Amino acid sequence: MQNNELIRFAAKALGIFVAWYLVYDLWILPDGRVDHALSLHIISVAGGIMEAFGFEPWYAGRVMGLPGANGIEMVDGCNGLEALGLFVGFVLAYPGPAKARLWFIPLGLFLIYAVNILRLIVLAWTQLSAPGLFDFTHDYSTTAIFYIVIFAMWVWWANLGDSPRAEA
């Protein structure tokens, strides 16, 4: 990436990120419906997967747990909506083939969503089987994996965008 392309990318990325945060912080977050629906959906899917493996999760609004454990509340900051927006913003801002964006953005959104579901399952299982490790698992390991996946997707996209056939 040449210097003028880097400046153009940085300007586009900054504009997209500012717009996303304005929309998210001023409309989506205060309204709450999108975050609430996404949180309930993640809890439902995670619980369904756990049921398929023989667990019997319980639900109370945005809280899901396993019998014998307190449960985990899926709060707005942990449902991945902000990260999904940042991922899309990066892909839109970084040069790359337009056709590739049509499959890469949905793939990335699905992978980030799936990792967040897996994160919730791991947290519920940790809370039940090793409650002393819950805080570490929540604060460091599952969060790190979540952002490593996002970073890996960004690197993948940057390599697609920097390929000789890439078009802005």
# chains A, B, ... in the order shown; residues from 1 in each chain; ligands from 1

call {"tool": "closest_atom_pairs", "arguments": {"of": "range 74-107 of chain A", "to": "range 140-156 of chain A", "cutoff": "9 Å", "atoms": "only C-alpha atoms", "output": "JSON lines"}}
result
{"residue": "A:Ala83", "atom": "CA", "partner": "A:Ile150", "partner_atom": "CA", "distance": 8.0}
{"residue": "A:Leu84", "atom": "CA", "partner": "A:Ile150", "partner_atom": "CA", "distance": 8.8}
{"residue": "A:Phe87", "atom": "CA", "partner": "A:Ile150", "partner_atom": "CA", "distance": 7.0}
{"residue": "A:Phe90", "atom": "CA", "partner": "A:Trp154", "partner_atom": "CA", "distance": 7.3}
{"residue": "A:Val91", "atom": "CA", "partner": "A:Trp154", "partner_atom": "CA", "distance": 7.3}
{"residue": "A:Phe104", "atom": "CA", "partner": "A:Met153", "partner_atom": "CA", "distance": 8.9}

call {"tool": "write_last_selection", "arguments": {"atoms": "C-alpha atoms", "output": "short mmCIF file (atom, residue, chain, number, x, y, z; two decimals), in the first residue's frame"}}
result
data_model
loop_
_atom_site.label_atom_id
_atom_site.label_comp_id
_atom_site.auth_asym_id
_atom_site.auth_seq_id
_atom_site.Cartn_x
_atom_site.Cartn_y
_atom_site.Cartn_z
CA ALA A 83 -17.26 -5.55 16.87
CA LEU A 84 -19.45 -6.54 13.92
CA PHE A 87 -15.30 -5.39 11.12
CA PHE A 90 -12.59 -2.03 8.08
CA VAL A 91 -13.57 -4.17 5.09
CA PHE A 104 -16.28 -11.73 2.74
#

call {"tool": "residues_around", "arguments": {"residues": "Arg101 in chain A", "least_positions_apart": "3", "cutoff": "9 Å", "atoms": "only C-alpha atoms", "output": "count of residues only"}}
result
9

call {"tool": "residues_around", "arguments": {"residues": "Gly80 in chain A", "least_positions_apart": "6", "cutoff": "8 Å", "atoms": "only C-alpha atoms", "output": "ChimeraX atom specification"}}
result
/A:112-113,116

call {"tool": "residues_around", "arguments": {"residues": "Leu40 in chain A", "least_positions_apart": "5", "cutoff": "9 Å", "atoms": "only C-alpha atoms", "output": "PyMOL selection string"}}
result
chain A and resi 35+45+61-63+74

call {"tool": "closest_residue", "arguments": {"among": "A:Val18, A:Leu109, A:Met64, A:Leu102", "to": "His41 in chain A", "atoms": "only C-alpha atoms"}}
result
A:Met64

call {"tool": "select_by_dssp", "arguments": {"residues": "chain A", "states": "helix (DSSP H, G or I)", "output": "VMD selection string"}}
result
chain A and resid 3 to 31 33 to 52 76 to 78 81 to 93 98 to 129 131 to 161

call {"tool": "residues_around", "arguments": {"residues": "Gly32 in chain A", "least_positions_apart": "6", "cutoff": "12 Å", "atoms": "only C-alpha atoms", "output": "number ranges by chain"}}
result
A: 24-26, 38-39, 75-77, 81
